[in-house]
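This is my_file07.pdb (PDB, C-alpha atoms).
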ATOM      1  CA  MET A  45     -37.953  33.092  46.178
ATOM      2  CA  ASP A  46     -34.849  31.651  47.792
ATOM      3  CA  LYS A  47     -31.545  31.330  45.910
ATOM      4  CA  LYS A  48     -32.233  27.773  44.776
ATOM      5  CA  GLN A  49     -35.672  28.699  43.427
ATOM      6  CA  LYS A  50     -34.245  31.727  41.634
ATOM      7  CA  LYS A  51     -31.542  29.571  40.081
ATOM      8  CA  TRP A  52     -34.026  27.053  38.706
ATOM      9  CA  PHE A  53     -36.397  29.820  37.614
ATOM     10  CA  TYR A  54     -33.716  31.634  35.619
ATOM     11  CA  LEU A  55     -32.445  28.356  34.163
ATOM     12  CA  SER A  56     -35.953  27.394  33.078
ATOM     13  CA  LEU A  57     -36.521  30.807  31.490
ATOM     14  CA  ALA A  58     -33.195  30.546  29.681
ATOM     15  CA  PHE A  59     -34.089  27.043  28.497
ATOM     16  CA  SER A  60     -37.525  28.191  27.320
ATOM     17  CA  MET A  61     -36.099  31.188  25.466
ATOM     18  CA  ALA A  62     -33.368  29.067  23.876
ATOM     19  CA  ILE A  63     -36.000  26.605  22.648
ATOM     20  CA  LEU A  64     -38.142  29.441  21.298
ATOM     21  CA  VAL A  65     -35.181  30.999  19.478
ATOM     22  CA  PHE A  66     -34.267  27.603  18.013
ATOM     23  CA  ILE A  67     -37.850  26.979  16.844
ATOM     24  CA  LEU A  68     -38.086  30.451  15.294
ATOM     25  CA  ALA A  69     -34.703  30.134  13.597
ATOM     26  CA  SER A  70     -35.498  26.693  12.188
ATOM     27  CA  THR A  71     -38.875  27.789  10.791
ATOM     28  CA  PHE A  72     -37.988  31.299   9.594
ATOM     29  CA  ASN A  73     -38.070  31.823   5.816
ATOM     30  CA  GLU A  74     -39.014  34.482   3.287
ATOM     31  CA  ASP A  75     -42.742  33.957   3.952
ATOM     32  CA  THR A  76     -42.408  34.617   7.697
ATOM     33  CA  LEU A  77     -42.089  38.383   7.244
ATOM     34  CA  GLN A  78     -45.246  38.401   5.160
ATOM     35  CA  TYR A  79     -47.155  36.708   7.982
ATOM     36  CA  LEU A  80     -45.727  39.196  10.482
ATOM     37  CA  THR A  81     -46.962  42.176   8.461
ATOM     38  CA  HIS A  82     -50.510  40.798   8.524
ATOM     39  CA  ILE A  83     -50.827  40.091  12.259
ATOM     40  CA  ASN A  84     -54.238  41.156  13.573
ATOM     41  CA  ILE A  85     -53.626  42.724  16.980
ATOM     42  CA  LEU A  86     -57.340  42.516  17.853
ATOM     43  CA  PHE A  87     -57.222  38.715  17.952
ATOM     44  CA  LEU A  88     -54.107  38.795  20.139
ATOM     45  CA  LEU A  89     -55.917  41.123  22.565
ATOM     46  CA  ILE A  90     -58.868  38.719  22.568
ATOM     47  CA  ALA A  91     -56.445  35.887  23.378
ATOM     48  CA  ILE A  92     -55.112  37.877  26.338
ATOM     49  CA  GLY A  93     -58.680  38.637  27.377
ATOM     50  CA  LEU A  94     -59.435  34.907  27.385
ATOM     51  CA  ARG A  95     -56.739  34.489  30.025
ATOM     52  CA  PHE A  96     -58.799  36.686  32.340
ATOM     53  CA  VAL A  97     -61.871  34.638  31.455
ATOM     54  CA  SER A  98     -59.913  31.539  32.558
ATOM     55  CA  PHE A  99     -58.913  33.227  35.823
ATOM     56  CA  SER A 100     -62.552  34.216  36.414
ATOM     57  CA  LEU A 101     -63.809  30.676  35.852
ATOM     58  CA  TRP A 102     -61.125  29.246  38.136
ATOM     59  CA  ALA A 103     -62.032  31.767  40.846
ATOM     60  CA  ALA A 104     -65.723  30.917  40.448
ATOM     61  CA  ARG A 105     -64.903  27.227  40.863
ATOM     62  CA  ILE A 106     -63.116  27.880  44.163
ATOM     63  CA  LYS A 107     -65.958  30.083  45.380
ATOM     64  CA  VAL A 108     -68.767  27.574  44.677
ATOM     65  CA  MET A 109     -66.787  24.628  46.046
ATOM     66  CA  SER A 110     -66.004  26.568  49.222
ATOM     67  CA  ALA A 111     -69.654  27.607  49.531
ATOM     68  CA  SER A 112     -70.759  23.973  49.301
ATOM     69  CA  LEU A 113     -68.750  23.304  52.473
ATOM     70  CA  GLY A 114     -70.381  26.262  54.199
ATOM     71  CA  TYR A 115     -67.731  28.968  53.678
ATOM     72  CA  GLN A 116     -68.466  32.239  51.927
ATOM     73  CA  VAL A 117     -65.248  33.447  50.303
ATOM     74  CA  LYS A 118     -65.348  36.742  48.428
ATOM     75  CA  TYR A 119     -65.041  36.385  44.665
ATOM     76  CA  SER A 120     -62.361  39.098  44.557
ATOM     77  CA  HIS A 121     -60.334  37.116  47.114
ATOM     78  CA  CYS A 122     -60.674  33.956  44.993
ATOM     79  CA  PHE A 123     -59.656  35.817  41.850
ATOM     80  CA  ASN A 124     -56.535  37.297  43.425
ATOM     81  CA  MET A 125     -55.440  33.949  44.881
ATOM     82  CA  VAL A 126     -55.813  32.330  41.453
ATOM     83  CA  VAL A 127     -53.648  34.970  39.774
ATOM     84  CA  ALA A 128     -51.072  34.931  42.611
ATOM     85  CA  ASN A 129     -50.831  31.166  42.334
ATOM     86  CA  LEU A 130     -49.676  31.589  38.721
ATOM     87  CA  LEU A 131     -46.345  33.052  39.807
ATOM     88  CA  VAL A 132     -45.519  30.145  42.121
ATOM     89  CA  GLY A 133     -46.719  27.719  39.465
ATOM     90  CA  ALA A 134     -44.279  29.289  37.019
ATOM     91  CA  ILE A 135     -41.297  28.661  39.290
ATOM     92  CA  THR A 136     -42.133  25.094  40.364
ATOM     93  CA  PRO A 137     -41.875  21.872  38.306
ATOM     94  CA  GLY A 138     -45.090  20.908  36.596
ATOM     95  CA  GLN A 139     -46.750  24.131  37.825
ATOM     96  CA  ALA A 140     -47.540  22.269  41.056
ATOM     97  CA  GLY A 141     -46.469  24.973  43.508
ATOM     98  CA  GLY A 142     -49.665  26.995  43.312
ATOM     99  CA  GLU A 143     -51.637  24.723  45.647
ATOM    100  CA  PRO A 144     -50.035  26.002  48.893
ATOM    101  CA  VAL A 145     -50.841  29.565  47.823
ATOM    102  CA  ARG A 146     -54.511  28.728  47.323
ATOM    103  CA  ILE A 147     -54.676  26.790  50.608
ATOM    104  CA  HIS A 148     -53.042  29.694  52.458
ATOM    105  CA  GLU A 149     -55.431  32.227  50.939
ATOM    106  CA  LEU A 150     -58.489  30.101  51.772
ATOM    107  CA  TYR A 151     -57.171  29.834  55.324
ATOM    108  CA  LYS A 152     -56.894  33.627  55.382
ATOM    109  CA  ALA A 153     -60.582  33.686  54.407
ATOM    110  CA  ASP A 154     -61.362  31.888  57.714
ATOM    111  CA  MET A 155     -61.490  28.363  56.285
ATOM    112  CA  PRO A 156     -59.846  25.577  58.339
ATOM    113  CA  ILE A 157     -56.685  24.139  56.785
ATOM    114  CA  GLY A 158     -58.277  20.714  56.334
ATOM    115  CA  ASP A 159     -61.272  22.067  54.408
ATOM    116  CA  ALA A 160     -59.038  24.418  52.397
ATOM    117  CA  THR A 161     -56.829  21.466  51.487
ATOM    118  CA  ALA A 162     -59.892  19.430  50.517
ATOM    119  CA  VAL A 163     -61.106  22.196  48.187
ATOM    120  CA  VAL A 164     -57.729  22.555  46.472
ATOM    121  CA  ILE A 165     -57.171  18.808  46.129
ATOM    122  CA  MET A 166     -60.714  18.309  44.840
ATOM    123  CA  GLU A 167     -59.898  20.955  42.223
ATOM    124  CA  ARG A 168     -56.951  18.824  41.149
ATOM    125  CA  VAL A 169     -59.133  15.714  41.101
ATOM    126  CA  LEU A 170     -61.670  17.391  38.816
ATOM    127  CA  ASP A 171     -58.877  18.606  36.521
ATOM    128  CA  ALA A 172     -57.305  15.140  36.485
ATOM    129  CA  VAL A 173     -60.586  13.384  35.668
ATOM    130  CA  ILE A 174     -61.347  15.838  32.876
ATOM    131  CA  LEU A 175     -57.837  15.586  31.401
ATOM    132  CA  VAL A 176     -57.856  11.787  31.588
ATOM    133  CA  GLY A 177     -61.172  11.676  29.737
ATOM    134  CA  LEU A 178     -60.052  14.232  27.151
ATOM    135  CA  THR A 179     -56.706  12.475  26.661
ATOM    136  CA  ILE A 180     -58.326   9.096  26.044
ATOM    137  CA  PHE A 181     -60.646  10.810  23.556
ATOM    138  CA  SER A 182     -57.722  12.501  21.787
ATOM    139  CA  LEU A 183     -55.803   9.204  21.644
ATOM    140  CA  LEU A 184     -58.788   7.589  19.951
ATOM    141  CA  VAL A 185     -59.175  10.467  17.481
ATOM    142  CA  MET A 186     -55.471  11.226  16.850
ATOM    143  CA  GLY A 187     -54.026   7.790  17.590
ATOM    144  CA  LYS A 188     -52.093   7.391  14.334
ATOM    145  CA  VAL A 189     -50.796  10.966  14.462
ATOM    146  CA  ILE A 190     -49.621  10.638  18.079
ATOM    147  CA  TRP A 191     -47.773   7.364  17.418
ATOM    148  CA  ASN A 192     -45.859   9.148  14.636
ATOM    149  CA  LEU A 193     -44.626  11.911  16.970
ATOM    150  CA  GLY A 194     -41.740   9.784  18.199
ATOM    151  CA  GLU A 195     -41.123   7.362  21.033
ATOM    152  CA  GLY A 196     -40.052  10.101  23.471
ATOM    153  CA  ILE A 197     -43.280  12.123  23.249
ATOM    154  CA  VAL A 198     -45.446   8.989  23.227
ATOM    155  CA  PHE A 199     -43.683   7.752  26.377
ATOM    156  CA  VAL A 200     -44.211  11.075  28.171
ATOM    157  CA  ILE A 201     -47.889  11.138  27.134
ATOM    158  CA  PHE A 202     -48.585   7.685  28.552
ATOM    159  CA  LEU A 203     -46.464   8.356  31.650
ATOM    160  CA  SER A 204     -48.454  11.532  32.341
ATOM    161  CA  LEU A 205     -51.719   9.674  31.799
ATOM    162  CA  ALA A 206     -50.638   6.885  34.157
ATOM    163  CA  LEU A 207     -49.624   9.362  36.878
ATOM    164  CA  LEU A 208     -52.952  11.187  36.622
ATOM    165  CA  ILE A 209     -54.897   7.939  36.899
ATOM    166  CA  LEU A 210     -52.738   6.883  39.871
ATOM    167  CA  PHE A 211     -53.344  10.252  41.560
ATOM    168  CA  VAL A 212     -57.114   9.903  41.198
ATOM    169  CA  ALA A 213     -57.019   6.260  42.338
ATOM    170  CA  ILE A 214     -55.058   7.139  45.496
ATOM    171  CA  LEU A 215     -57.505   9.881  46.432
ATOM    172  CA  ILE A 216     -60.497   7.621  45.807
ATOM    173  CA  PHE A 217     -58.869   4.976  48.012
ATOM    174  CA  ALA A 218     -58.182   7.582  50.724
ATOM    175  CA  ALA A 219     -61.800   8.761  50.586
ATOM    176  CA  LYS A 220     -63.281   5.248  50.742
ATOM    177  CA  LYS A 221     -60.832   3.739  53.234
ATOM    178  CA  PRO A 222     -59.296   6.634  55.175
ATOM    179  CA  VAL A 223     -58.024   4.480  58.060
ATOM    180  CA  SER A 224     -56.188   2.084  55.761
ATOM    181  CA  ALA A 225     -54.858   4.922  53.597
ATOM    182  CA  LYS A 226     -53.597   6.834  56.616
ATOM    183  CA  ASP A 227     -51.921   3.712  58.006
ATOM    184  CA  LYS A 228     -50.043   3.139  54.748
ATOM    185  CA  ILE A 229     -49.004   6.807  54.450
ATOM    186  CA  MET A 230     -47.781   6.946  58.056
ATOM    187  CA  ARG A 231     -45.841   3.696  57.631
ATOM    188  CA  LEU A 232     -44.159   5.147  54.563
ATOM    189  CA  LEU A 233     -43.230   8.335  56.432
ATOM    190  CA  TYR A 234     -41.848   6.387  59.411
ATOM    191  CA  TRP A 235     -39.806   4.264  56.995
ATOM    192  CA  ILE A 236     -38.428   7.430  55.343
ATOM    193  CA  GLU A 237     -37.612   8.853  58.786
ATOM    194  CA  ALA A 238     -35.712   5.683  59.737
ATOM    195  CA  LYS A 239     -33.732   5.753  56.506
ATOM    196  CA  MET A 240     -32.983   9.478  56.276
ATOM    197  CA  LYS A 241     -32.705  10.194  60.038
ATOM    198  CA  LYS A 242     -33.510  13.880  59.617
ATOM    199  CA  PRO A 243     -35.377  15.815  62.341
ATOM    200  CA  GLY A 244     -37.510  17.600  59.734
ATOM    201  CA  ILE A 245     -39.262  14.336  58.861
ATOM    202  CA  ARG A 246     -40.754  14.193  62.388
ATOM    203  CA  TYR A 247     -42.501  17.534  61.785
ATOM    204  CA  ILE A 248     -43.907  16.214  58.502
ATOM    205  CA  ILE A 249     -45.170  13.082  60.262
ATOM    206  CA  THR A 250     -46.885  15.100  62.990
ATOM    207  CA  SER A 251     -48.469  17.495  60.486
ATOM    208  CA  THR A 252     -49.592  14.652  58.238
ATOM    209  CA  ASP A 253     -51.207  12.858  61.192
ATOM    210  CA  VAL A 254     -53.364  15.905  61.918
ATOM    211  CA  GLU A 255     -53.992  17.244  58.412
ATOM    212  CA  PHE A 256     -54.885  13.861  56.920
ATOM    213  CA  ASP A 257     -57.803  13.659  59.353
ATOM    214  CA  ASN A 258     -58.799  17.210  58.420
ATOM    215  CA  PHE A 259     -58.531  16.363  54.733
ATOM    216  CA  CYS A 260     -60.702  13.243  55.149
ATOM    217  CA  SER A 261     -63.296  15.356  56.950
ATOM    218  CA  GLY A 262     -63.338  17.760  54.015
ATOM    219  CA  ILE A 263     -63.613  14.964  51.444
ATOM    220  CA  THR A 264     -66.429  13.401  53.475
ATOM    221  CA  ALA A 265     -68.197  16.757  53.417
ATOM    222  CA  PHE A 266     -67.833  16.927  49.622
ATOM    223  CA  THR A 267     -69.255  13.435  49.164
ATOM    224  CA  GLY A 268     -72.059  14.309  51.603
ATOM    225  CA  HIS A 269     -73.662  17.738  51.723
ATOM    226  CA  GLY A 270     -70.978  19.205  49.454
ATOM    227  CA  LYS A 271     -71.982  17.214  46.358
ATOM    228  CA  LYS A 272     -73.406  20.392  44.853
ATOM    229  CA  GLY A 273     -69.907  21.863  44.944
ATOM    230  CA  ILE A 274     -68.496  18.946  42.965
ATOM    231  CA  ILE A 275     -71.212  19.299  40.315
ATOM    232  CA  GLN A 276     -70.791  23.065  40.021
ATOM    233  CA  GLY A 277     -67.014  22.728  40.210
ATOM    234  CA  SER A 278     -67.083  20.221  37.351
ATOM    235  CA  VAL A 279     -69.028  22.655  35.159
ATOM    236  CA  PHE A 280     -66.587  25.476  35.863
ATOM    237  CA  SER A 281     -63.652  23.094  35.304
ATOM    238  CA  ILE A 282     -64.903  22.139  31.847
ATOM    239  CA  LEU A 283     -65.448  25.811  30.955
ATOM    240  CA  PHE A 284     -62.019  26.671  32.353
ATOM    241  CA  TRP A 285     -60.186  24.113  30.218
ATOM    242  CA  PHE A 286     -62.164  25.131  27.133
ATOM    243  CA  SER A 287     -61.182  28.777  27.656
ATOM    244  CA  GLU A 288     -57.542  27.689  28.091
ATOM    245  CA  PHE A 289     -57.483  25.510  24.987
ATOM    246  CA  ILE A 290     -59.264  27.954  22.671
ATOM    247  CA  VAL A 291     -56.546  30.620  23.117
ATOM    248  CA  ALA A 292     -54.300  28.904  20.568
ATOM    249  CA  SER A 293     -57.040  29.002  17.912
ATOM    250  CA  VAL A 294     -57.549  32.735  18.493
ATOM    251  CA  ILE A 295     -53.801  33.298  18.064
ATOM    252  CA  LEU A 296     -53.905  31.360  14.788
ATOM    253  CA  MET A 297     -56.665  33.673  13.585
ATOM    254  CA  GLY A 298     -54.516  36.638  14.601
ATOM    255  CA  LEU A 299     -51.832  35.297  12.254
ATOM    256  CA  GLY A 300     -54.312  35.107   9.395
ATOM    257  CA  LEU A 301     -54.719  31.332   9.627
ATOM    258  CA  PRO A 302     -57.861  29.242  10.065
ATOM    259  CA  PRO A 303     -58.599  28.488  13.752
ATOM    260  CA  SER A 304     -58.351  24.710  13.226
ATOM    261  CA  ILE A 305     -60.387  24.347  16.407
ATOM    262  CA  SER A 306     -60.633  20.553  16.537
ATOM    263  CA  GLU A 307     -56.956  19.958  15.673
ATOM    264  CA  SER A 308     -55.788  22.713  18.024
ATOM    265  CA  MET A 309     -57.984  21.574  20.920
ATOM    266  CA  LEU A 310     -56.727  18.002  20.621
ATOM    267  CA  SER A 311     -53.144  19.268  20.500
ATOM    268  CA  GLN A 312     -53.739  21.407  23.598
ATOM    269  CA  ILE A 313     -55.052  18.379  25.487
ATOM    270  CA  ILE A 314     -51.845  16.466  24.783
ATOM    271  CA  ILE A 315     -49.678  19.493  25.678
ATOM    272  CA  ALA A 316     -51.559  20.009  28.963
ATOM    273  CA  LEU A 317     -51.014  16.370  29.861
ATOM    274  CA  VAL A 318     -47.296  16.423  29.040
ATOM    275  CA  SER A 319     -46.827  19.732  30.880
ATOM    276  CA  MET A 320     -48.038  18.182  34.135
ATOM    277  CA  ILE A 321     -44.869  16.065  34.378
ATOM    278  CA  PRO A 322     -42.670  17.921  36.943
ATOM    279  CA  LEU A 323     -39.532  18.244  34.824
ATOM    280  CA  THR A 324     -39.005  22.010  34.608
ATOM    281  CA  PRO A 325     -40.547  25.027  36.402
ATOM    282  CA  GLY A 326     -43.794  25.992  34.714
ATOM    283  CA  ALA A 327     -43.145  23.254  32.125
ATOM    284  CA  SER A 328     -40.901  25.771  30.350
ATOM    285  CA  GLY A 329     -39.229  24.229  27.352
ATOM    286  CA  ILE A 330     -41.337  21.082  27.660
ATOM    287  CA  ALA A 331     -44.499  22.806  26.446
ATOM    288  CA  GLU A 332     -42.663  24.353  23.483
ATOM    289  CA  LEU A 333     -41.054  21.065  22.474
ATOM    290  CA  SER A 334     -44.323  19.153  22.660
ATOM    291  CA  ALA A 335     -46.356  21.851  20.883
ATOM    292  CA  THR A 336     -44.032  22.206  17.890
ATOM    293  CA  PRO A 337     -44.476  18.742  16.300
ATOM    294  CA  LEU A 338     -48.207  18.776  17.027
ATOM    295  CA  TYR A 339     -48.892  22.167  15.431
ATOM    296  CA  ALA A 340     -46.464  21.456  12.592
ATOM    297  CA  LEU A 341     -49.137  19.057  11.316
ATOM    298  CA  PHE A 342     -51.500  21.882  10.340
ATOM    299  CA  VAL A 343     -49.628  25.220  10.767
ATOM    300  CA  PRO A 344     -47.376  26.426   7.896
ATOM    301  CA  THR A 345     -43.676  26.129   8.707
ATOM    302  CA  ALA A 346     -43.051  29.816   7.986
ATOM    303  CA  VAL A 347     -45.310  30.945  10.817
ATOM    304  CA  LEU A 348     -44.937  27.999  13.207
ATOM    305  CA  GLY A 349     -42.147  29.606  15.266
ATOM    306  CA  VAL A 350     -44.031  32.909  15.514
ATOM    307  CA  PHE A 351     -47.154  31.070  16.667
ATOM    308  CA  ILE A 352     -45.287  29.119  19.371
ATOM    309  CA  ILE A 353     -43.682  32.328  20.681
ATOM    310  CA  LEU A 354     -46.990  34.231  20.837
ATOM    311  CA  TRP A 355     -48.715  31.264  22.465
ATOM    312  CA  ARG A 356     -46.078  30.962  25.210
ATOM    313  CA  LEU A 357     -45.963  34.725  25.750
ATOM    314  CA  ILE A 358     -49.688  34.738  26.476
ATOM    315  CA  MET A 359     -49.954  31.398  28.299
ATOM    316  CA  PHE A 360     -46.734  31.456  30.341
ATOM    317  CA  TYR A 361     -44.804  34.719  30.426
ATOM    318  CA  LEU A 362     -47.883  36.865  31.061
ATOM    319  CA  ASN A 363     -48.711  34.513  33.956
ATOM    320  CA  ILE A 364     -45.511  35.670  35.629
ATOM    321  CA  VAL A 365     -46.412  39.350  35.145
ATOM    322  CA  PHE A 366     -49.965  38.901  36.434
ATOM    323  CA  GLY A 367     -48.739  36.690  39.271
ATOM    324  CA  VAL A 368     -46.249  39.281  40.469
ATOM    325  CA  ILE A 369     -48.962  41.952  40.637
ATOM    326  CA  ALA A 370     -51.331  39.696  42.615
ATOM    327  CA  THR A 371     -48.526  38.579  44.948
ATOM    328  CA  VAL A 372     -47.605  42.199  45.696
ATOM    329  CA  LEU A 373     -51.242  42.835  46.656
ATOM    330  CA  ILE A 374     -51.104  39.895  49.076
ATOM    331  CA  PHE A 375     -47.854  41.160  50.606
ATOM    332  CA  LYS A 376     -49.379  44.606  51.095
ATOM    333  CA  ARG A 377     -52.360  43.040  52.828
ATOM    334  CA  GLU A 378     -50.137  40.956  55.109
ATOM    335  CA  ILE A 379     -47.993  43.961  56.034
ATOM    336  CA  SER A 380     -50.962  46.206  56.808
ATOM    337  CA  ALA A 381     -52.755  43.471  58.824
TER     338      ALA A 381
END

As structure tokens - that is how I would like this structure written.
Amino acid sequence: MDKKQKKWFYLSLAFSMAILVFILASTFNEDTLQYLTHINILFLLIAIGLRFVSFSLWAARIKVMSASLGYQVKYSHCFNMVVANLLVGAITPGQAGGEPVRIHELYKADMPIGDATAVVIMERVLDAVILVGLTIFSLLVMGKVIWNLGEGIVFVIFLSLALLILFVAILIFAAKKPVSAKDKIMRLLYWIEAKMKKPGIRYIITSTDVEFDNFCSGITAFTGHGKKGIIQGSVFSILFWFSEFIVASVILMGLGLPPSISESMLSQIIIALVSMIPLTPGASGIAELSATPLYALFVPTAVLGVFIILWRLIMFYLNIVFGVIATVLIFKREISA
């Protein structure tokens, strides 16, 4: 990490911890200690174990999608790139920084940059389509509840939904009309170059000119002989998101509460959508603030703060620990190569 990244990373961690302390302090009462004395560690270990299940499903998705394009990438390589990508995702707004890590690691597995980019972007497309569908479903089921969360959260929810739909629409347009899409993108870049007059923009233009063609070739392969990869990738994507969303219910059981699976899953869908807005690195602070009013609807106040802390420890802070380990393994490989 450079100095600027470190600064934002530490600020985001401080913001997240401040929010967690505030939530715990505002929900702490005489019943909180009673809940703490009855925590079932087994369920918390199961919740941590589910994180590795999520990593495994994500790695399997990359492997099958790569195989559909004719590239055999080792499962262990896919797994390590997924875990390493968590660290970069934790220090970039909206957790969007992990894509370059996955593209780089696929390239290291002898996959051309264009095809590697196509795999990673298609992953995002599958995630976006699934989240859009799940969000619309949750809005239909929890419509009245969501409208009562406040104008700020409602605005962010619909903004996130709109951005996801726009992202999918742009990629569909690029896949169907690559020449027109490339023309519009290049015009935009040339306009930015004329306005900003920075030499670095020229490098971006040159790279985009080449990589857009590579990307279109990869997308064409997916819509042609790689259709099997999209189908298999969709299955693994659905399983991945289910394994992510069910963690909160397991934590609730560890606190001696009912799993509230339907309520918790719907809440997780909304949180996932809001967290995709690139406001803070790893959505730190944003996830906590959006989760609190949602879970306050069915989690007792006395244990709400404890639940939010445990949930973020497992879903965010452990990502950093795992990501560091996987990144060190990559560095060792690069040094010894």

Sorted per-residue table, range 96-208 of chain A near range 267-276 of chain A, closest atoms and distance, 9 Å, only C-alpha atoms, as a tab-separated table:
residue	atom	partner	partner_atom	distance
A:Arg105	CA	A:Gln276	CA	7.3
A:Val108	CA	A:Gly273	CA	5.8
A:Met109	CA	A:Gly273	CA	4.3
A:Ser110	CA	A:Gly273	CA	7.5
A:Ala111	CA	A:Gly273	CA	7.4
A:Ser112	CA	A:Gly270	CA	4.8
A:Leu113	CA	A:Gly270	CA	5.6
A:Gly114	CA	A:Gly270	CA	8.5
A:Met166	CA	A:Ile274	CA	8.0
A:Glu167	CA	A:Ile274	CA	8.9
A:Leu170	CA	A:Ile274	CA	8.1

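Excluding Leu310 in chain A itself and any same-chain residue fewer than 2 positions from it, the protein and nucleic acid residues within 9 Å of it, counting only C-alpha atoms, are A:Leu178, A:Thr179, A:Phe181, A:Ser182, A:Leu183, A:Val185, A:Met186, A:Phe289, A:Ile305, A:Ser306, A:Glu307, A:Ser308, A:Gln312, A:Ile313, A:Ile314, A:Ile315.
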
File of the preceding selection, C-alpha atoms, as a PDB file, in the frame of the given file:
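Saved as result00.pdb:
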ATOM      1  CA  LEU A 178     -60.052  14.232  27.151  1.00  0.00           C
ATOM      2  CA  THR A 179     -56.706  12.475  26.661  1.00  0.00           C
ATOM      3  CA  PHE A 181     -60.646  10.810  23.556  1.00  0.00           C
ATOM      4  CA  SER A 182     -57.722  12.501  21.787  1.00  0.00           C
ATOM      5  CA  LEU A 183     -55.803   9.204  21.644  1.00  0.00           C
ATOM      6  CA  VAL A 185     -59.175  10.467  17.481  1.00  0.00           C
ATOM      7  CA  MET A 186     -55.471  11.226  16.850  1.00  0.00           C
ATOM      8  CA  PHE A 289     -57.483  25.510  24.987  1.00  0.00           C
ATOM      9  CA  ILE A 305     -60.387  24.347  16.407  1.00  0.00           C
ATOM     10  CA  SER A 306     -60.633  20.553  16.537  1.00  0.00           C
ATOM     11  CA  GLU A 307     -56.956  19.958  15.673  1.00  0.00           C
ATOM     12  CA  SER A 308     -55.788  22.713  18.024  1.00  0.00           C
ATOM     13  CA  GLN A 312     -53.739  21.407  23.598  1.00  0.00           C
ATOM     14  CA  ILE A 313     -55.052  18.379  25.487  1.00  0.00           C
ATOM     15  CA  ILE A 314     -51.845  16.466  24.783  1.00  0.00           C
ATOM     16  CA  ILE A 315     -49.678  19.493  25.678  1.00  0.00           C
TER      17      ILE A 315
END

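Using all atoms listed in the file, the shortest contact distance between Ile67 in chain A and any of A:Phe96, A:Tyr54, A:Phe351, A:Phe360 is found at A:Phe351.
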
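Interatomic distance, CA of Phe199 in chain A against CA of Ile290 in chain A: 25.8 Å.
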
Legend entry - Residues returned when the PyMOL selection byres ((chain A and resi 122-132) around 8) runs on this file, as an NGL selection string: :A and (99-100 or 102-104 or 106-107 or 117-121 or 133-136 or 139 or 141-143 or 145-146 or 149 or 363-371)

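Every residue that the PyMOL selection byres ((chain A and resi 161) around 10) selects in this file is listed here: Glu143, Pro144, Arg146, Ile147, His148, Leu150, Tyr151, Met155, Pro156, Ile157, Gly158, Asp159, Ala160, Ala162, Val163, Val164, Ile165, Met166, Glu167, Glu255, Phe256, Asn258, Phe259, Cys260, Gly262 and Ile263 of chain A.
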
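Closest approach to Leu80 in chain A from the set A:Ile374, A:Ala225, A:Leu299, A:Ile353 is made by A:Leu299, with distances taken over all atoms listed in the file.
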
Inset, instruction - To one decimal in Å, tell me the separation between CA of Val65 in chain A and CA of Ile92 in chain A. - result: 22.2 Å

As a check of understanding, name the residues that the PyMOL selection byres ((chain A and resi 66) around 12) selects in the supplied structure, as a short mmCIF file (atom, residue, chain, number, x, y, z; two decimals) with C-alpha atoms, keeping the file's coordinate frame.
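After the write, result_10.cif holds the following:
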data_model
loop_
_atom_site.label_atom_id
_atom_site.label_comp_id
_atom_site.auth_asym_id
_atom_site.auth_seq_id
_atom_site.Cartn_x
_atom_site.Cartn_y
_atom_site.Cartn_z
CA PHE A 59 -34.09 27.04 28.50
CA SER A 60 -37.52 28.19 27.32
CA MET A 61 -36.10 31.19 25.47
CA ALA A 62 -33.37 29.07 23.88
CA ILE A 63 -36.00 26.60 22.65
CA LEU A 64 -38.14 29.44 21.30
CA VAL A 65 -35.18 31.00 19.48
CA ILE A 67 -37.85 26.98 16.84
CA LEU A 68 -38.09 30.45 15.29
CA ALA A 69 -34.70 30.13 13.60
CA SER A 70 -35.50 26.69 12.19
CA THR A 71 -38.88 27.79 10.79
CA PHE A 72 -37.99 31.30 9.59
CA GLY A 329 -39.23 24.23 27.35
CA GLU A 332 -42.66 24.35 23.48
CA LEU A 333 -41.05 21.06 22.47
CA THR A 336 -44.03 22.21 17.89
CA LEU A 348 -44.94 28.00 13.21
CA GLY A 349 -42.15 29.61 15.27
CA VAL A 350 -44.03 32.91 15.51
CA ILE A 352 -45.29 29.12 19.37
CA ILE A 353 -43.68 32.33 20.68
#

Inset, instruction - Give as a VMD selection string the set of residues within 10 Å of the point (-47.9, 29.2, 8.5), where distances use the file's coordinates and only C-alpha atoms. - result: chain A and resid 71 75 to 76 79 296 299 to 301 339 to 340 342 to 351

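Distance check against Ile174 in chain A using only C-alpha atoms: of A:Ala316, A:Ala238, A:Ile85, A:Leu55, the minimum falls on A:Ala316.
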
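The space between CA of Ser224 in chain A and CA of Asp253 in chain A spans 13.1 Å.
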
Quick one: axis-aligned box around all listed atoms of range 208-227 of chain A, 4 Å on every side, centre and edge lengths in Å to one decimal, written as lines of an AutoDock Vina configuration file.
center_x = -57.6
center_y = 6.6
center_z = 47.3
size_x = 19.4
size_y = 17.1
size_z = 29.4

Find the residues near Ile209 in chain A: any atom within 8 Å, counting all atoms listed in the file, skip ones fewer than 5 places away on the same chain, and give them as a CSV table (one decimal) with C-alpha atoms, in the frame of the given file.
chain,number,residue,atom,x,y,z
A,172,ALA,CA,-57.3,15.1,36.5
A,173,VAL,CA,-60.6,13.4,35.7
A,176,VAL,CA,-57.9,11.8,31.6
